[in-house]
$ cat target.tsv   # TSV, C-alpha atoms
chain	number	residue	atom	x	y	z
T	19	MET	CA	38.05	80.85	-48.14
T	20	ALA	CA	36.22	79.24	-45.21
T	21	LEU	CA	34.86	76.54	-47.54
T	22	LEU	CA	38.35	75.83	-48.94
T	23	ILE	CA	39.77	75.51	-45.42
T	24	LEU	CA	36.97	73.13	-44.45
T	25	LEU	CA	37.53	70.99	-47.55
T	26	THR	CA	41.29	70.92	-46.89
T	27	VAL	CA	40.76	69.76	-43.31
T	28	LEU	CA	38.35	67.05	-44.47
T	29	LEU	CA	40.82	65.84	-47.09
T	30	ILE	CA	43.61	65.69	-44.50
T	31	ILE	CA	41.39	63.64	-42.17
T	32	ILE	CA	40.47	61.26	-45.01
T	33	ALA	CA	44.14	60.92	-45.98
T	34	ILE	CA	45.16	60.09	-42.41
T	35	ALA	CA	42.36	57.51	-42.18
T	36	LYS	CA	43.55	55.87	-45.43
T	37	ILE	CA	47.16	55.80	-44.22
T	38	LEU	CA	46.12	54.13	-40.96
T	39	LYS	CA	44.06	51.61	-42.90
T	40	SER	CA	46.98	50.77	-45.19
T	41	ASN	CA	49.22	50.42	-42.13
T	42	GLU	CA	46.84	47.78	-40.75
T	43	LEU	CA	47.05	45.88	-44.04
T	44	VAL	CA	50.86	45.99	-43.91
T	45	TYR	CA	50.81	44.51	-40.38
T	46	LYS	CA	48.53	41.71	-41.58
T	47	LEU	CA	50.83	40.90	-44.50
T	48	LYS	CA	53.84	40.77	-42.13
T	49	ASP	CA	51.82	38.69	-39.64
T	50	ILE	CA	52.35	41.29	-36.90
T	51	ASP	CA	49.75	41.96	-34.19
T	52	ALA	CA	48.55	45.52	-34.91
T	53	ASP	CA	47.27	45.90	-31.33
T	54	THR	CA	50.74	45.58	-29.86
T	55	VAL	CA	52.04	48.96	-28.72
T	56	SER	CA	55.78	49.46	-28.74
T	57	PRO	CA	57.67	51.48	-26.09
T	58	ALA	CA	58.46	54.10	-28.73
T	59	GLU	CA	54.76	54.53	-29.51
T	60	ILE	CA	53.95	54.87	-25.80
T	61	LYS	CA	56.56	57.60	-25.40
T	62	THR	CA	55.29	59.32	-28.55
T	63	ASN	CA	51.73	59.31	-27.22
T	64	ALA	CA	52.89	60.69	-23.86
T	65	THR	CA	54.81	63.46	-25.59
T	66	GLY	CA	51.81	64.15	-27.80
T	67	ILE	CA	49.59	64.59	-24.72
T	68	LEU	CA	52.06	67.14	-23.33
T	69	VAL	CA	52.14	69.02	-26.62
T	70	PHE	CA	48.34	68.93	-26.76
T	71	GLY	CA	48.26	70.49	-23.27
T	72	PHE	CA	50.37	73.43	-24.43
T	73	VAL	CA	48.21	73.84	-27.53
T	74	LEU	CA	45.03	73.75	-25.41
T	75	PHE	CA	46.34	76.42	-23.05
T	76	ALA	CA	47.42	78.57	-25.99
T	77	MET	CA	43.96	78.24	-27.57
T	78	VAL	CA	42.20	79.16	-24.30
T	79	ILE	CA	44.40	82.23	-23.79
T	80	SER	CA	44.08	83.33	-27.43
T	81	THR	CA	40.29	82.90	-27.22
T	82	PHE	CA	40.10	85.23	-24.22
T	83	ILE	CA	42.29	87.79	-25.98
T	84	GLY	CA	40.80	87.49	-29.47
T	85	TRP	CA	37.12	87.39	-28.52
T	86	GLU	CA	37.23	89.89	-25.67
T	87	LYS	CA	36.23	92.70	-28.03
T	88	TYR	CA	32.92	90.93	-28.76
T	89	LEU	CA	31.85	90.93	-25.11
T	90	LEU	CA	29.42	93.48	-23.74
T	91	PRO	CA	30.81	96.88	-22.77
T	92	PRO	CA	30.86	97.89	-19.07
T	93	SER	CA	27.52	97.82	-17.28
T	94	GLY	CA	25.10	100.65	-17.95
T	95	SER	CA	23.43	100.16	-14.56
T	96	VAL	CA	24.64	100.57	-10.99
T	97	HIS	CA	23.83	97.01	-9.91
T	98	GLY	CA	25.45	95.67	-13.10
T	99	VAL	CA	28.85	96.71	-11.77
T	100	GLU	CA	28.33	94.28	-8.88
T	101	ILE	CA	27.30	91.53	-11.29
T	102	ASP	CA	30.37	92.12	-13.46
T	103	THR	CA	32.61	91.99	-10.38
T	104	LEU	CA	30.98	88.73	-9.26
T	105	MET	CA	31.43	87.31	-12.74
T	106	MET	CA	35.10	88.33	-12.85
T	107	VAL	CA	35.87	86.85	-9.41
T	108	THR	CA	34.16	83.59	-10.36
T	109	MET	CA	35.96	83.37	-13.72
T	110	VAL	CA	39.38	84.09	-12.17
T	111	ILE	CA	38.90	81.28	-9.63
T	112	ILE	CA	37.64	78.89	-12.32
T	113	MET	CA	40.54	79.65	-14.66
T	114	ILE	CA	43.15	79.27	-11.89
T	115	VAL	CA	41.73	75.86	-11.01
T	116	PHE	CA	41.50	74.96	-14.71
T	117	PHE	CA	45.15	75.75	-15.47
T	118	ILE	CA	46.51	74.08	-12.32
T	119	THR	CA	44.49	70.85	-12.63
T	120	HIS	CA	45.04	70.45	-16.37
T	121	ALA	CA	48.74	71.26	-16.15
T	122	LEU	CA	49.08	68.51	-13.53
T	123	LEU	CA	46.96	66.16	-15.65
T	124	PHE	CA	49.07	66.55	-18.79
T	125	TRP	CA	52.36	66.51	-16.87
T	126	PHE	CA	51.49	63.32	-14.97
T	127	VAL	CA	50.49	61.56	-18.21
T	128	PHE	CA	53.87	62.49	-19.68
T	129	LYS	CA	56.01	61.81	-16.60
T	130	TYR	CA	54.48	58.48	-15.62
T	131	TYR	CA	53.94	56.83	-18.98
T	132	TYR	CA	54.55	53.06	-19.01
T	133	ARG	CA	58.13	51.82	-18.86
T	134	LYS	CA	59.05	48.16	-18.69
T	135	ASP	CA	61.55	48.59	-15.86
T	136	ARG	CA	59.33	50.87	-13.73
T	137	LYS	CA	56.97	49.58	-11.08
T	138	ALA	CA	53.93	51.60	-10.00
T	139	LEU	CA	53.56	52.48	-6.33
T	140	TRP	CA	50.44	51.05	-4.70
T	141	TYR	CA	48.98	54.06	-2.88
T	142	PRO	CA	45.29	53.37	-2.25
T	143	HIS	CA	44.39	55.95	0.42
T	144	ASN	CA	45.53	59.04	2.29
T	145	ASN	CA	43.24	60.73	4.82
T	146	SER	CA	45.07	64.06	4.69
T	147	LEU	CA	44.74	64.29	0.92
T	148	GLU	CA	41.08	63.26	1.04
T	149	ILE	CA	40.33	65.96	3.61
T	150	ALA	CA	42.34	68.59	1.68
T	151	TRP	CA	40.64	68.12	-1.70
T	152	THR	CA	37.23	67.96	-0.04
T	153	VAL	CA	37.52	70.87	2.38
T	154	VAL	CA	39.33	73.33	0.10
T	155	PRO	CA	36.87	73.15	-2.87
T	156	ALA	CA	33.90	73.11	-0.47
T	157	SER	CA	35.21	76.22	1.31
T	158	VAL	CA	35.76	78.07	-1.95
T	159	LEU	CA	32.27	77.14	-3.17
T	160	ILE	CA	30.69	78.26	0.11
T	161	LEU	CA	32.45	81.62	-0.16
T	162	LEU	CA	31.36	82.03	-3.80
T	163	ILE	CA	27.76	81.06	-3.06
T	164	THR	CA	27.63	83.41	-0.05
T	165	TYR	CA	29.05	86.24	-2.16
T	166	GLY	CA	26.61	85.45	-4.98
T	167	MET	CA	23.55	85.27	-2.71
T	168	SER	CA	24.52	88.53	-1.02
T	169	THR	CA	24.84	90.22	-4.42
T	170	TRP	CA	21.54	88.71	-5.54
T	171	SER	CA	19.76	89.91	-2.40
T	172	ASN	CA	21.08	93.46	-2.81
T	173	ILE	CA	19.91	93.55	-6.43
T	174	MET	CA	16.51	91.86	-6.09
T	175	TYR	CA	15.38	93.51	-2.86
T	176	PRO	CA	16.45	97.16	-3.04
T	177	GLU	CA	14.95	100.05	-1.12
T	178	TYR	CA	12.52	101.98	-3.31
T	179	GLU	CA	13.38	105.64	-3.80
T	180	ASP	CA	10.79	108.42	-3.65
T	181	ASP	CA	11.63	109.81	-7.10
T	182	ALA	CA	11.82	106.41	-8.80
T	183	VAL	CA	10.49	106.04	-12.34
T	184	VAL	CA	7.54	103.64	-12.14
T	185	MET	CA	6.80	101.96	-15.46
T	186	GLU	CA	5.99	98.68	-17.12
T	187	VAL	CA	6.60	96.89	-20.39
T	188	VAL	CA	3.93	94.61	-21.82
T	189	SER	CA	5.03	91.88	-24.20
T	190	GLU	CA	3.16	90.23	-27.05
T	191	GLN	CA	4.08	88.47	-30.24
T	192	PHE	CA	6.21	90.27	-31.38
T	193	LYS	CA	6.51	93.68	-29.75
T	194	TRP	CA	6.86	95.58	-26.48
T	195	THR	CA	4.54	98.34	-25.29
T	196	ALA	CA	5.69	100.63	-22.46
T	197	ARG	CA	3.60	102.45	-19.86
T	198	TYR	CA	4.81	105.14	-17.46
T	199	SER	CA	3.03	106.24	-14.31
T	200	GLY	CA	1.78	109.81	-14.21
T	201	GLU	CA	2.34	112.43	-11.54
T	202	ASP	CA	0.80	110.16	-8.90
T	203	GLN	CA	3.79	107.78	-9.27
T	204	THR	CA	1.33	104.88	-9.47
T	205	LEU	CA	0.51	102.62	-12.39
T	206	GLY	CA	-3.23	102.26	-12.77
T	207	TYR	CA	-4.90	98.87	-12.55
T	208	ALA	CA	-4.81	96.91	-15.80
T	209	SER	CA	-6.60	93.77	-17.01
T	210	PHE	CA	-6.36	91.45	-19.99
T	211	ALA	CA	-10.15	91.73	-20.29
T	212	LEU	CA	-9.69	95.26	-21.67
T	213	TYR	CA	-7.26	94.43	-24.48
T	214	GLY	CA	-8.30	95.61	-27.92
T	215	LYS	CA	-7.75	99.22	-28.84
T	216	ASN	CA	-6.50	99.54	-25.25
T	217	PRO	CA	-3.02	98.00	-25.87
T	218	VAL	CA	-2.04	97.36	-22.25
T	219	GLY	CA	-5.53	97.05	-20.74
T	220	VAL	CA	-5.51	100.17	-18.52
T	221	ALA	CA	-8.67	100.00	-16.42
T	222	THR	CA	-10.52	103.31	-16.18
T	223	ILE	CA	-14.30	103.76	-16.00
T	224	TYR	CA	-14.64	104.93	-19.59
T	225	ALA	CA	-12.25	102.24	-20.87
T	226	MET	CA	-14.29	99.53	-19.13
T	227	GLU	CA	-17.60	100.91	-20.39
T	228	ASP	CA	-16.22	101.12	-23.92
T	229	ARG	CA	-14.89	97.55	-23.74
T	230	LEU	CA	-18.19	96.26	-22.33
T	231	GLN	CA	-20.08	97.78	-25.24
T	232	GLU	CA	-17.59	96.27	-27.70
T	233	CYS	CA	-17.84	92.78	-26.14
T	234	GLU	CA	-21.64	92.84	-26.03
T	235	SER	CA	-21.67	93.81	-29.70
T	236	LYS	CA	-19.37	90.88	-30.47
T	237	VAL	CA	-21.63	88.51	-28.52
T	238	ILE	CA	-24.61	89.56	-30.65
T	239	SER	CA	-22.58	89.18	-33.84
T	240	PHE	CA	-21.17	85.74	-32.97
T	241	SER	CA	-24.55	84.53	-31.72
T	242	LYS	CA	-26.01	85.37	-35.13
T	243	ASP	CA	-23.11	83.64	-36.90
T	244	SER	CA	-23.45	80.53	-34.75
T	245	ALA	CA	-27.17	80.27	-35.50
T	246	GLU	CA	-26.51	80.53	-39.25
T	247	LEU	CA	-23.74	77.92	-39.13
T	248	GLU	CA	-25.90	75.60	-37.05
T	249	THR	CA	-28.59	75.78	-39.75
T	250	LEU	CA	-25.98	74.98	-42.42
T	251	LEU	CA	-24.74	72.00	-40.44
T	252	THR	CA	-28.31	70.73	-40.06
T	253	ASN	CA	-28.64	70.88	-43.84
T	254	GLY	CA	-25.49	68.78	-44.31
T	255	TRP	CA	-22.90	71.50	-44.97
T	256	ASN	CA	-19.33	70.71	-43.90
T	257	ARG	CA	-18.75	73.75	-41.65
T	258	GLU	CA	-17.79	72.09	-38.36
T	259	ASN	CA	-14.45	73.96	-38.09
T	260	ASP	CA	-16.05	77.35	-38.67
T	261	TYR	CA	-18.76	76.54	-36.16
T	262	ASP	CA	-16.21	75.51	-33.50
T	263	LYS	CA	-14.27	78.75	-33.97
T	264	VAL	CA	-17.39	80.88	-33.68
T	265	ILE	CA	-18.57	79.04	-30.57
T	266	SER	CA	-15.13	79.46	-28.96
T	267	SER	CA	-15.12	83.21	-29.71
T	268	LEU	CA	-18.69	83.51	-28.42
T	269	LYS	CA	-17.73	81.86	-25.11
T	270	ASN	CA	-14.69	84.09	-24.74
T	271	TYR	CA	-16.63	87.31	-25.32
T	272	ARG	CA	-19.43	86.23	-22.97
T	273	SER	CA	-16.83	85.55	-20.28
T	274	ASN	CA	-15.25	88.92	-20.97
T	275	VAL	CA	-18.62	90.64	-20.57
T	276	ASN	CA	-18.93	89.11	-17.11
T	277	ARG	CA	-15.36	90.11	-16.20
T	278	VAL	CA	-15.86	93.73	-17.23
T	279	LYS	CA	-19.19	93.93	-15.39
T	280	ARG	CA	-17.49	92.68	-12.21
T	281	MET	CA	-14.77	95.29	-12.65
T	282	LEU	CA	-17.36	98.05	-13.01
T	283	LEU	CA	-19.01	96.90	-9.77
T	284	GLU	CA	-15.60	96.97	-8.07
T	285	ALA	CA	-15.02	100.48	-9.44
T	286	GLU	CA	-18.13	101.67	-7.63
T	287	LYS	CA	-16.68	100.43	-4.33
T	288	ASN	CA	-13.07	101.51	-4.93
T	289	PRO	CA	-12.97	104.29	-7.55
T	290	ALA	CA	-9.42	105.41	-6.60
T	291	LEU	CA	-8.02	102.11	-7.88
T	292	PHE	CA	-9.43	102.76	-11.34
T	293	ASP	CA	-8.70	106.49	-11.42
T	294	ALA	CA	-4.95	105.94	-11.01
T	295	GLY	CA	-4.53	104.98	-14.66
T	296	GLU	CA	-5.96	108.18	-16.13
T	297	ASP	CA	-2.64	110.04	-16.01
T	298	ASP	CA	-0.53	107.06	-17.16
T	299	LEU	CA	1.36	107.38	-20.42
T	300	VAL	CA	1.19	104.50	-22.90
T	301	ILE	CA	4.16	104.59	-25.32
T	302	ASN	CA	3.27	102.55	-28.38
T	303	SER	CA	6.63	103.04	-30.06
T	304	ASP	CA	9.84	101.18	-30.78
T	305	SER	CA	11.88	103.40	-28.44
T	306	ILE	CA	11.56	104.79	-24.92
T	307	TYR	CA	13.54	107.14	-22.66
T	308	LEU	CA	15.01	106.56	-19.20
T	309	PRO	CA	16.75	109.05	-16.90
T	310	LYS	CA	20.35	108.65	-15.80
T	311	GLY	CA	20.87	108.45	-12.04
T	312	ARG	CA	17.26	107.64	-11.08
T	313	GLN	CA	15.87	104.32	-9.94
T	314	VAL	CA	13.63	102.56	-12.45
T	315	ILE	CA	10.94	100.20	-11.12
T	316	LEU	CA	10.20	98.07	-14.17
T	317	ASN	CA	7.03	95.96	-14.05
T	318	ILE	CA	6.74	93.24	-16.71
T	319	ARG	CA	3.60	91.59	-18.12
T	320	SER	CA	2.69	89.37	-21.08
T	321	LYS	CA	-0.43	89.40	-23.25
T	322	ASP	CA	-0.03	85.96	-24.81
T	323	VAL	CA	2.86	83.52	-24.25
T	324	ILE	CA	5.92	83.50	-21.99
T	325	HIS	CA	8.49	86.09	-23.05
T	326	SER	CA	11.63	87.28	-21.29
T	327	ALA	CA	12.59	90.92	-20.82
T	328	TYR	CA	16.35	91.00	-21.36
T	329	LEU	CA	18.36	94.20	-21.00
T	330	PRO	CA	21.94	93.02	-21.63
T	331	HIS	CA	23.65	96.37	-21.11
T	332	PHE	CA	21.88	96.81	-17.76
T	333	ARG	CA	22.61	93.20	-16.71
T	334	ALA	CA	18.92	92.56	-16.15
T	335	GLN	CA	16.54	89.80	-17.20
T	336	MET	CA	13.10	88.77	-15.99
T	337	ASN	CA	10.46	86.49	-17.49
T	338	ALA	CA	7.17	87.96	-18.72
T	339	VAL	CA	4.49	85.48	-17.66
T	340	PRO	CA	0.82	85.62	-18.76
T	341	GLY	CA	-1.44	86.45	-15.80
T	342	LEU	CA	1.47	87.50	-13.58
T	343	THR	CA	3.34	90.78	-13.04
T	344	THR	CA	7.08	90.40	-12.46
T	345	ARG	CA	9.41	93.21	-11.48
T	346	PHE	CA	13.02	94.33	-11.76
T	347	VAL	CA	14.59	97.46	-10.26
T	348	PHE	CA	17.73	99.12	-11.64
T	349	GLU	CA	19.40	102.50	-12.00
T	350	PRO	CA	20.99	103.63	-15.31
T	351	ARG	CA	24.42	105.16	-14.69
T	352	LEU	CA	25.57	106.17	-18.18
T	353	THR	CA	23.73	107.95	-20.99
T	354	ASN	CA	23.90	106.52	-24.50
T	355	GLU	CA	26.57	109.04	-25.47
T	356	GLU	CA	28.67	108.29	-22.37
T	357	MET	CA	28.39	104.54	-22.90
T	358	PHE	CA	29.45	104.96	-26.52
T	359	GLU	CA	32.63	106.77	-25.45
T	360	VAL	CA	33.40	104.20	-22.73
T	361	ALA	CA	32.85	101.30	-25.13
T	362	LYS	CA	34.97	102.95	-27.81
T	363	ALA	CA	37.83	103.49	-25.35
T	364	GLU	CA	37.76	99.76	-24.46
T	365	GLY	CA	37.45	98.62	-28.06
T	366	LYS	CA	33.90	97.31	-27.57
T	367	ASN	CA	30.92	97.65	-29.89
T	368	PHE	CA	27.92	99.66	-28.67
T	369	THR	CA	25.02	100.81	-30.86
T	370	GLY	CA	22.51	101.63	-28.12
T	371	TYR	CA	20.67	100.21	-25.13
T	372	ILE	CA	18.05	97.67	-26.06
T	373	LEU	CA	15.31	95.49	-24.56
T	374	LEU	CA	15.14	92.06	-26.17
T	375	CYS	CA	12.98	88.97	-25.78
T	376	ASN	CA	15.24	86.18	-24.54
T	377	LYS	CA	12.62	83.42	-24.68
T	378	ILE	CA	11.90	81.80	-28.05
T	379	CYS	CA	8.28	82.90	-28.54
T	380	GLY	CA	7.55	82.36	-32.23
T	381	THR	CA	8.61	83.06	-35.79
T	382	SER	CA	9.53	86.74	-35.32
T	383	HIS	CA	11.11	86.31	-31.89
T	384	TYR	CA	14.46	87.55	-33.24
T	385	ASN	CA	12.94	90.92	-34.14
T	386	MET	CA	11.16	91.58	-30.83
T	387	LYS	CA	13.06	94.55	-29.43
T	388	LEU	CA	12.61	97.96	-27.86
T	389	HIS	CA	15.29	100.64	-28.14
T	390	ILE	CA	16.14	102.59	-24.99
T	391	ARG	CA	17.68	106.03	-24.74
T	392	VAL	CA	19.23	106.96	-21.40
T	393	VAL	CA	19.41	110.73	-21.04
T	394	GLU	CA	19.96	113.31	-18.33
T	395	ASP	CA	17.01	113.78	-15.97
T	396	LYS	CA	16.01	117.18	-17.40
T	397	ASP	CA	15.91	115.73	-20.94
T	398	TYR	CA	13.87	112.79	-19.70
T	399	ARG	CA	11.31	115.08	-18.04
T	400	LYS	CA	11.08	117.13	-21.23
T	401	TRP	CA	10.41	114.00	-23.30
T	402	LEU	CA	7.87	112.72	-20.78
T	403	SER	CA	5.97	116.02	-20.74
T	404	ALA	CA	5.57	115.78	-24.53
T	405	GLN	CA	3.67	112.47	-24.24
T	406	THR	CA	-0.12	112.25	-24.06
T	407	VAL	CA	-1.74	110.87	-20.91
T	408	PHE	CA	-4.02	107.85	-21.26
T	409	LYS	CA	-7.23	109.79	-20.57
T	410	GLU	CA	-6.64	112.05	-23.55
T	411	ALA	CA	-5.03	109.49	-25.84
T	412	TYR	CA	-7.76	106.89	-25.37
T	413	LYS	CA	-10.63	109.23	-26.14
$ encode --input "target.tsv" --output "structure tokens"
Amino acid sequence: MALLILLTVLLIIIAIAKILKSNELVYKLKDIDADTVSPAEIKTNATGILVFGFVLFAMVISTFIGWEKYLLPPSGSVHGVEIDTLMMVTMVIIMIVFFITHALLFWFVFKYYYRKDRKALWYPHNNSLEIAWTVVPASVLILLITYGMSTWSNIMYPEYEDDAVVMEVVSEQFKWTARYSGEDQTLGYASFALYGKNPVGVATIYAMEDRLQECESKVISFSKDSAELETLLTNGWNRENDYDKVISSLKNYRSNVNRVKRMLLEAEKNPALFDAGEDDLVINSDSIYLPKGRQVILNIRSKDVIHSAYLPHFRAQMNAVPGLTTRFVFEPRLTNEEMFEVAKAEGKNFTGYILLCNKICGTSHYNMKLHIRVVEDKDYRKWLSAQTVFKEAYK
């Protein structure tokens, strides 16, 4: 059906083009200047502009009504309510200005179309009008910006609560791994130098010693491979690409050995920093739990390229940047079941809270997601107690 409609529209456009072309030929045969516009044509064009204005307004209104059901349901976070209010205020002001200015535009085109017996009034300048249409928009923009910055400040710089859930999500192509702090309410130190079987690089003494042993083993292995490839190259074998890859890996592992050794020396001076991660909980799953009514301090890291942690239902988004920890704080206000009922009552679609990557990061970017279940606090604590702490899970 869509294809038939498209073909019909194309045929109508082609037919109109042919008619206009034949009309030009008729003018040439009658020796009439086709560029001359008659008063009737001018009036027709002016009327057409007015009709187009009504059609445009009808399309805008019908779009708001028809597509409203595809918008997100109400915010699932406390701060998101403020964002939705800010968005609504901004849109109302924009649409009021849109309808007023465009109504005047279409009406003026219709009312003041060219007439032979009408003379235009020369009106080059008016200070009052200049001041009015400069001061009024500027004042409205200042108010909107002030309101927006105030909302932004409240959201981005909240006061941390004592019972806040401290956690992080670590991104990589193409998945998310979550980590929750243990009873100490502190996420342990983590480093990219410890990636491997340690998915988020939690730095504990035994994890660093294990990683050091692994890296030193790799150095020995790649050193042997590089020596063999160097011999082959000397004998005329075409193995330059393999040799370059091995040398690159050898350099990386040697650097990693030095990094881990420095971390072990630091652990001797400040053991508390590296003990904090022992009771952390690493959730290597496609779904996590969050408690309703408690603040969530969400730290965000990346293992490879730039990603973006996007939680549409919570009105939250923050880039995940390699080598940098970013942070967003929010408070869930509705469980999944409650949000489903609210969305259903408003005619909106809701299948569950979700964390998406909103930065194109590769071929499977579209499938990089983490499902979130918001539950009552007692259910959250029950789920959390069933998870295995890092110290036990790693060993």
$ closest_residue --input "target.tsv" --among "T:Met281, T:Val187, T:Ala208, T:Val158" --to "Asn302 in chain T" --atoms "only C-alpha atoms"
T:Val187
$ residues_around --input "target.tsv" --residues "range 62-67 of chain T" --least-positions-apart "5" --cutoff "10 Å" --atoms "only C-alpha atoms" --output "list in words"
Ser56, Pro57, Phe72, Val73, Leu123, Phe124, Trp125, Phe126, Val127, Phe128, Lys129, Tyr130, Tyr131 and Tyr132 of chain T
$ residues_around --input "target.tsv" --residues "Leu230 in chain T" --least-positions-apart "5" --cutoff "10 Å" --atoms "all atoms listed in the file" --output "list in words"
Ala211, Leu212, Tyr224, Ala225, Ser235, Lys236, Tyr271, Asn274, Val275, Asn276, Arg277, Val278, Lys279 and Leu282 of chain T
$ residues_near_point --input "target.tsv" --point "(17.8, 93.8, -27.7)" --cutoff "8 Å" --atoms "only C-alpha atoms" --output "NGL selection string"
:T and (328-330 or 371-375 or 386-389)
$ closest_residue --input "target.tsv" --among "T:Pro217, T:Gly166, T:Pro155, T:Pro309" --to "Ile111 in chain T" --atoms "all atoms listed in the file"
T:Pro155
$ residues_around --input "target.tsv" --residues "Arg345 in chain T" --least-positions-apart "4" --cutoff "10 Å" --atoms "only C-alpha atoms" --output "list in words"
Met174, Met185, Glu186, Ile315, Leu316, Asn317, Ile318, Arg319, Gln335, Met336, Asn337 and Ala338 of chain T
$ atom_distance --input "target.tsv" --atom1 "CA of Val153 in chain T" --atom2 "CA of Thr108 in chain T"
18.3 Å
$ axis_aligned_box --input "target.tsv" --around "range 404-412 of chain T" --padding-each-side "8 Å" --output "JSON"
{"center_x": -1.1, "center_y": 111.3, "center_z": -23.2, "size_x": 29.3, "size_y": 24.9, "size_z": 21.3}
$ atom_distance --input "target.tsv" --atom1 "CA of Gly341 in chain T" --atom2 "CA of Trp170 in chain T"
25.3 Å
$ residues_around --input "target.tsv" --residues "Lys269 in chain T" --least-positions-apart "2" --cutoff "12 Å" --atoms "only C-alpha atoms" --output "PyMOL selection string"
chain T and resi 233-234+236-238+240-241+244+262-267+271-276
